[in-house]
Every structure is written in structure tokens, then in C-alpha cells.
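Participant: Just passing along the structure, written as C-alpha cells.
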Amino acid sequence: MSQPVRFSPSVEQPQPDEAETIAGLKEQFKKILDTTSEDYQHAVRSVHAKGHGLARGTFTIADDLPPELAQGLFATPGSHEAILRFSTNAGDILDDSIRLPRGAALKVLGVEGERLPGSEGDTTQDFVMVNAPAFAAPDAKKFLGNLKLLAGTTDKAEGAKKLLSAVLRSFEAAIEAVGGKSALLSSLGGARPVHPLGATYYSQTPYRYGDHIAKFQLVPVSGIKDFAEDTINATGRPDAIREAVNELLAEQGGTWELRVQLCTDLEKMPVEDASVAWDEDESPYRTVATLQVEPQVGWVYGESEKIEDRLSFAPWHGLAAHQPLGGVNRARKEPYKFSADYRGRFNGCPMHEPRALDELTVKA
């Protein structure tokens, strides 16, 4: 097996106009937030606004990891409380018949160590993932261009979005039939409507992994993996995904493995191009921790929304040993914080980084 590349600040190559691009991203986030907040009289996330389930579980770091994997959070075996959120990627609350990529955001609690800037004083580590191995844009500028397209569809007639989704899905199906896949088409409404609990999720972008560089993957390994190919028919069922998640989560809970893919070649596994999926033959994903979720209800109307209001998930919530890397990750930092602060102000409910899951219990 090839040796992992050692982390050095020189693996990043910031562009001279990144500040301008980041300002543009914040502008698009604000456009989405202003529109949806006026519509709902309540602020929701500017991306991944609609949650489909919140699952509480136990995150256990494996014993006896080899030195290259025993890094950062994963250097110390043991168990932590954790919460897992399932979502779709739009910035507005849409009928589930509009086909969008699935997202999974994992927050691990009780994490000690040197913190990333902006998360000092917290004891959480976030992993933000989507059910595709590569990001829809190679860099921050293209990310901004894609976000402008998404922002432009916010608040458009839902019937038109359903029609667009069906058309895009037909194009995407044709591309898949010849062995391809379009991340942009999927992000705009052409995604395959997979079951969130059966999906495999990817960080897509690279992170520091202590002495090394890695991407993350979350894989179902219990009975829920049997639903990997299942799709959800949401026709006439605007919250079909929540219903499906609730049914399966209450019936059997779930077990996931968190895996890491170490960078072994900066040319083949670039840090600055987020659209490149790293070759798993060159460097396979390897398990470093397990998330165990006991059977539970994933969404309780009137309660889950309140918990969602108090939580934010972001790549820059965590340890310095897991610093987000690359232009897309650098560009996410300020806009994600802007979005969370906006929600906190508008809703009168500041974001809350919990130290224990009990803090998220909704009081009567």
C-alpha cells in the first residue's frame, strides 16, 4: 500500500480573489435566507433546509488503529454521544417529489483538543456529507456559479420545480445508462430518490487528518444497508422521506461505519479540485469508527423542528487536526457561519453546540 502524504500548509493554494468569491457566496446565501424567511416567517438553513430525520447514537472509535489512522479525534479509542441529521440540499422546504441529493451531517460530542478558529470553547466535531463521492464544483468560483442557479430557483412555483425535476431526472437517467453521472443535474433536481438510511455518504472535500490528508465516508453496515437500492415514491406525499426514515429507524435503528481515505498522491488526489473523486484502488476507505443508533423515532413534528433550530453543522466545527482543506472548504467557512447567525437572530434562538444529547431535549 502506498504511503500517505504528510500534511503541510503548502498543500493548499489559495487564489488571490478568494475574498471576492466568498463575499459572493454570502450574498447568495443572504438572498436565499431573505426569501425563505419572508415566506415561512421563520429562518431555515440556506442549504440543506429540509431535515428528514434526527438520530441519536453512540460513536465508538476503534481500538488498535495503525499509526496513520490513529490521528486527531481517532487517536484515542472510546465512545462519544452523537447526533445524525438527514436532509436534502435545497435552501427551501420542498415537496419530496422534487428529486435532490441526500445529505447526512454527523455531530460527535465530548471531543477534546485544539480547536479550529471560530469553534473555540466547543467540544464537538462535525462531518458534513452528501451521497456522492465528488463535489458538484471543482473550486469556489464554480461553487458560487452553481449556488447562483440554486438561489435563482428559490421561491419559484413548486409545480414548475416538480416538472423541472422530472425533466432533469430523465436526462440524468440517460447519462447513468451509459455509465456517467452529472453532479450538477442531480443538485438541480435530477437526483435518484434513494432511501436516506441505505445511502453511502461522502465528505467530497479533503480534510487534514492529523499528520496526513483524508476524505471521509459514512457507510451503513447493519440491516439498513439492504435499502441501498431502494427508492422512495413521493407522489402525493410531500413528506414521504420523513415517513420512510421514521418507519425504518423505529423498526431497526442502524449501524454505520465512518471510514477515511488517505491521500497517497497529490497529483491523482488533488486538494484544490473538489470535483475529483479519489481513486479507491489507489487508496481504499478504511474504518476508524462506528455509529450505533438504537431503534427510535427520527422525526417528531413540533419537537424536531425546535431541535433543528438550535443546531448547525459545518466543516469548520471541530479540531485543528481535522482542518478543512481546499478552496471549496475555505469558501464555506464564512457563509456557513453567516447562515447560522442569521437563523439565530431571525428565530430568536442562538445556535447551540451541545455538550450532551440531553441538552437537546425539548422542554414542554
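The way I read the labels, and the way they are meant: chains A, B, ... in the order of the C-alpha cells, residue 1 as the first residue of every chain, and ligand 1 as the first ligand shown, with later ones counted on from there.
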In region 34-238 of chain A, what's strand (DSSP E or B) per DSSP? Answer as a ChimeraX atom specification?
Facilitator: /A:51-61,78-88,99,102-109,115,124-130,190,194,201-202,207-209,212-220,231
Participant: Excluding Leu248 (chain A) and any residue of its chain fewer than 3 positions from it, enumerate the residues within 10 Å of it, using only C-alpha atoms, and give them as an MDAnalysis selection string.
Facilitator: chainID A and resid 195 197 223:224 227 243:245 251:254 295:298
Participant: For each of A:Tyr336, A:Phe127, A:Trp278, A:Phe143, take the minimum atom-to-atom distance to Asp265 (chain A), counting only C-alpha atoms, then give the residue where this is smallest.
Facilitator: A:Trp278
Participant: May I have the residues within 12 Å of Glu359 (chain A) as a ChimeraX atom specification, using only C-alpha atoms and disregarding those fewer than 5 positions away in the same chain?
Facilitator: /A:81,83,109,307,310-311,352-354
Participant: Emit the selected residues as a compact mmCIF listing (two decimals), in the first residue's frame, including all heavy atoms.
Facilitator:
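Result written to result-v6.txt:
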```
# COMPACT_ATOMS: atom_id res chain seq x y z
N GLU A 81 -21.24 10.46 22.57
CA GLU A 81 -22.59 10.68 22.08
C GLU A 81 -22.51 11.38 20.72
O GLU A 81 -21.55 12.10 20.43
CB GLU A 81 -23.37 11.57 23.06
CG GLU A 81 -23.71 10.89 24.37
CD GLU A 81 -24.61 11.77 25.25
OE1 GLU A 81 -24.32 12.99 25.35
OE2 GLU A 81 -25.57 11.24 25.81
N ILE A 83 -25.14 12.89 17.15
CA ILE A 83 -26.44 13.08 16.52
C ILE A 83 -26.22 13.18 15.02
O ILE A 83 -25.27 13.81 14.55
CB ILE A 83 -27.18 14.32 17.09
CG1 ILE A 83 -28.60 14.39 16.51
CG2 ILE A 83 -26.41 15.62 16.85
CD1 ILE A 83 -29.51 15.33 17.30
N LEU A 109 -20.00 14.45 19.99
CA LEU A 109 -19.91 15.27 21.20
C LEU A 109 -18.76 14.81 22.10
O LEU A 109 -18.26 13.69 21.98
CB LEU A 109 -21.22 15.20 21.97
CG LEU A 109 -22.41 16.05 21.49
CD1 LEU A 109 -22.80 15.74 20.06
CD2 LEU A 109 -23.61 15.87 22.41
N ILE A 307 -35.44 21.38 17.71
CA ILE A 307 -34.06 20.92 17.84
C ILE A 307 -33.24 21.41 16.64
O ILE A 307 -32.10 21.87 16.78
CB ILE A 307 -34.01 19.39 17.97
CG1 ILE A 307 -34.70 18.95 19.26
CG2 ILE A 307 -32.57 18.89 17.93
CD1 ILE A 307 -34.87 17.45 19.39
N ARG A 310 -31.85 24.88 16.86
CA ARG A 310 -30.76 25.10 17.81
C ARG A 310 -29.43 24.55 17.32
O ARG A 310 -28.38 24.80 17.93
CB ARG A 310 -31.10 24.46 19.16
CG ARG A 310 -32.34 25.06 19.80
CD ARG A 310 -32.84 24.21 20.96
NE ARG A 310 -31.88 24.14 22.05
CZ ARG A 310 -32.01 23.32 23.10
NH1 ARG A 310 -33.05 22.51 23.18
NH2 ARG A 310 -31.10 23.33 24.05
N LEU A 311 -29.48 23.77 16.23
CA LEU A 311 -28.27 23.10 15.76
C LEU A 311 -27.78 23.67 14.44
O LEU A 311 -28.58 24.06 13.59
CB LEU A 311 -28.55 21.60 15.55
CG LEU A 311 -28.69 20.71 16.78
CD1 LEU A 311 -29.10 19.30 16.35
CD2 LEU A 311 -27.39 20.67 17.58
N HIS A 352 -26.54 26.38 19.21
CA HIS A 352 -26.12 25.76 20.46
C HIS A 352 -25.26 24.54 20.14
O HIS A 352 -25.75 23.60 19.50
CB HIS A 352 -27.37 25.34 21.24
CG HIS A 352 -27.09 24.64 22.53
ND1 HIS A 352 -26.58 25.29 23.62
CD2 HIS A 352 -27.23 23.33 22.90
CE1 HIS A 352 -26.42 24.43 24.61
NE2 HIS A 352 -26.81 23.23 24.19
N GLU A 353 -24.01 24.57 20.55
CA GLU A 353 -23.15 23.40 20.40
C GLU A 353 -23.27 22.56 21.67
O GLU A 353 -22.72 22.93 22.72
CB GLU A 353 -21.70 23.82 20.15
CG GLU A 353 -21.44 24.35 18.76
CD GLU A 353 -21.72 23.31 17.69
OE1 GLU A 353 -21.09 22.24 17.68
OE2 GLU A 353 -22.61 23.57 16.84
N PRO A 354 -23.99 21.46 21.63
CA PRO A 354 -24.28 20.71 22.87
C PRO A 354 -23.06 19.99 23.42
O PRO A 354 -22.18 19.55 22.67
CB PRO A 354 -25.33 19.70 22.41
CG PRO A 354 -25.05 19.50 20.95
CD PRO A 354 -24.59 20.84 20.45
```
Participant: So which residues touch Ala43 (chain A) within 9 Å, counting only C-alpha atoms, skipping near sequence neighbours fewer than 6 positions away, as a count of residues only?
Facilitator: 11
Participant: Nearest to Tyr285 (chain A) among A:Met351, A:Leu218, A:Ala340, A:Ala55, with distances taken over only C-alpha atoms: which residue is it?
Facilitator: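 Result for the nearest residue to Tyr285 (chain A): A:Leu218.
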Participant: Set out as JSON lines a contact list for region 192-214 of chain A and region 59-69 of chain A with a cut-off of 12 Å, giving each residue of region 192-214 of chain A that qualifies its closest atom pair and distance in Å to one decimal, counting only C-alpha atoms, ordered by chain and rising residue number.
Facilitator:
```
{"residue": "A:Arg208", "atom": "CA", "partner": "A:Leu69", "partner_atom": "CA", "distance": 11.9}
{"residue": "A:Tyr209", "atom": "CA", "partner": "A:Leu69", "partner_atom": "CA", "distance": 8.2}
{"residue": "A:Gly210", "atom": "CA", "partner": "A:Glu68", "partner_atom": "CA", "distance": 8.7}
{"residue": "A:Asp211", "atom": "CA", "partner": "A:Glu68", "partner_atom": "CA", "distance": 7.8}
{"residue": "A:His212", "atom": "CA", "partner": "A:Glu68", "partner_atom": "CA", "distance": 7.5}
{"residue": "A:Ile213", "atom": "CA", "partner": "A:Glu68", "partner_atom": "CA", "distance": 10.2}
{"residue": "A:Ala214", "atom": "CA", "partner": "A:Leu69", "partner_atom": "CA", "distance": 9.9}
```
Participant: For CA of Ala191 (chain A) and CA of His52 (chain A), determine how far apart the two atoms are, in Å to one decimal place.
Facilitator: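 The value is 16.3 Å.
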Participant: Counting only C-alpha atoms, figure out which residue out of A:Asn131, A:Gln292, A:Thr255, A:Ser79 gets nearest to Phe216 (chain A).
Facilitator: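 Nearest to Phe216 (chain A): A:Asn131.
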Participant: Write out as a CSV table (one decimal) with N, CA and C atoms, in the first residue's frame which residues come within 10 Å of Lys337 (chain A) when counting only C-alpha atoms, dropping same-chain ones fewer than 2 positions away.
Facilitator:
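Contents of selection31.csv, as written:
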```csv
chain,number,residue,atom,x,y,z
A,26,LYS,N,-21.7,34.6,0.3
A,26,LYS,CA,-22.5,35.2,1.4
A,26,LYS,C,-23.7,35.9,0.8
A,118,GLY,N,-12.9,29.8,15.4
A,118,GLY,CA,-14.3,30.0,15.4
A,118,GLY,C,-15.1,29.0,16.1
A,312,SER,N,-26.5,23.7,14.3
A,312,SER,CA,-25.9,24.0,13.0
A,312,SER,C,-24.8,23.0,12.8
A,313,PHE,N,-24.5,22.6,11.5
A,313,PHE,CA,-23.5,21.7,11.2
A,313,PHE,C,-22.6,22.4,10.2
A,314,ALA,N,-21.3,22.3,10.4
A,314,ALA,CA,-20.4,23.0,9.4
A,314,ALA,C,-19.0,22.3,9.4
A,316,TRP,N,-16.2,23.6,9.6
A,316,TRP,CA,-15.3,24.3,10.5
A,316,TRP,C,-15.6,24.2,12.0
A,317,HIS,N,-16.6,23.3,12.3
A,317,HIS,CA,-16.8,23.0,13.7
A,317,HIS,C,-16.0,21.8,14.0
A,332,ARG,N,-16.5,27.9,2.3
A,332,ARG,CA,-17.6,27.5,3.1
A,332,ARG,C,-17.6,28.2,4.5
A,333,LYS,N,-16.5,28.5,5.0
A,333,LYS,CA,-16.4,28.9,6.4
A,333,LYS,C,-17.3,30.1,6.8
A,334,GLU,N,-17.1,31.2,6.1
A,334,GLU,CA,-17.8,32.5,6.5
A,334,GLU,C,-19.3,32.4,6.1
A,335,PRO,N,-19.7,31.8,4.9
A,335,PRO,CA,-21.1,31.8,4.6
A,335,PRO,C,-21.9,30.8,5.5
A,339,SER,N,-25.0,32.0,7.7
A,339,SER,CA,-26.3,31.4,7.7
A,339,SER,C,-26.8,31.0,9.1
A,340,ALA,N,-25.9,30.4,9.9
A,340,ALA,CA,-26.3,30.0,11.2
A,340,ALA,C,-26.6,31.2,12.1
A,341,ASP,N,-25.8,32.3,12.0
A,341,ASP,CA,-26.1,33.5,12.8
A,341,ASP,C,-27.4,34.1,12.3
A,342,TYR,N,-27.6,34.1,11.1
A,342,TYR,CA,-28.9,34.7,10.5
A,342,TYR,C,-30.1,34.0,11.1
A,343,ARG,N,-30.0,32.6,11.1
A,343,ARG,CA,-31.1,31.8,11.7
A,343,ARG,C,-31.3,32.1,13.2
```
Participant: Quick one: of A:Pro270, A:Gly302, A:Pro206, A:Gly318, who's nearest to Glu112 (chain A), counting only C-alpha atoms?
Facilitator: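 Going through A:Pro270, A:Gly302, A:Pro206, A:Gly318 one by one, the smallest distance to Glu112 (chain A) is for A:Gly318.
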Participant: For CA of Ala19 (chain A) and CA of Leu147 (chain A), quote the distance in Å rounded to one decimal.
Facilitator: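 Computing it gives 16.4 Å between the two atoms.
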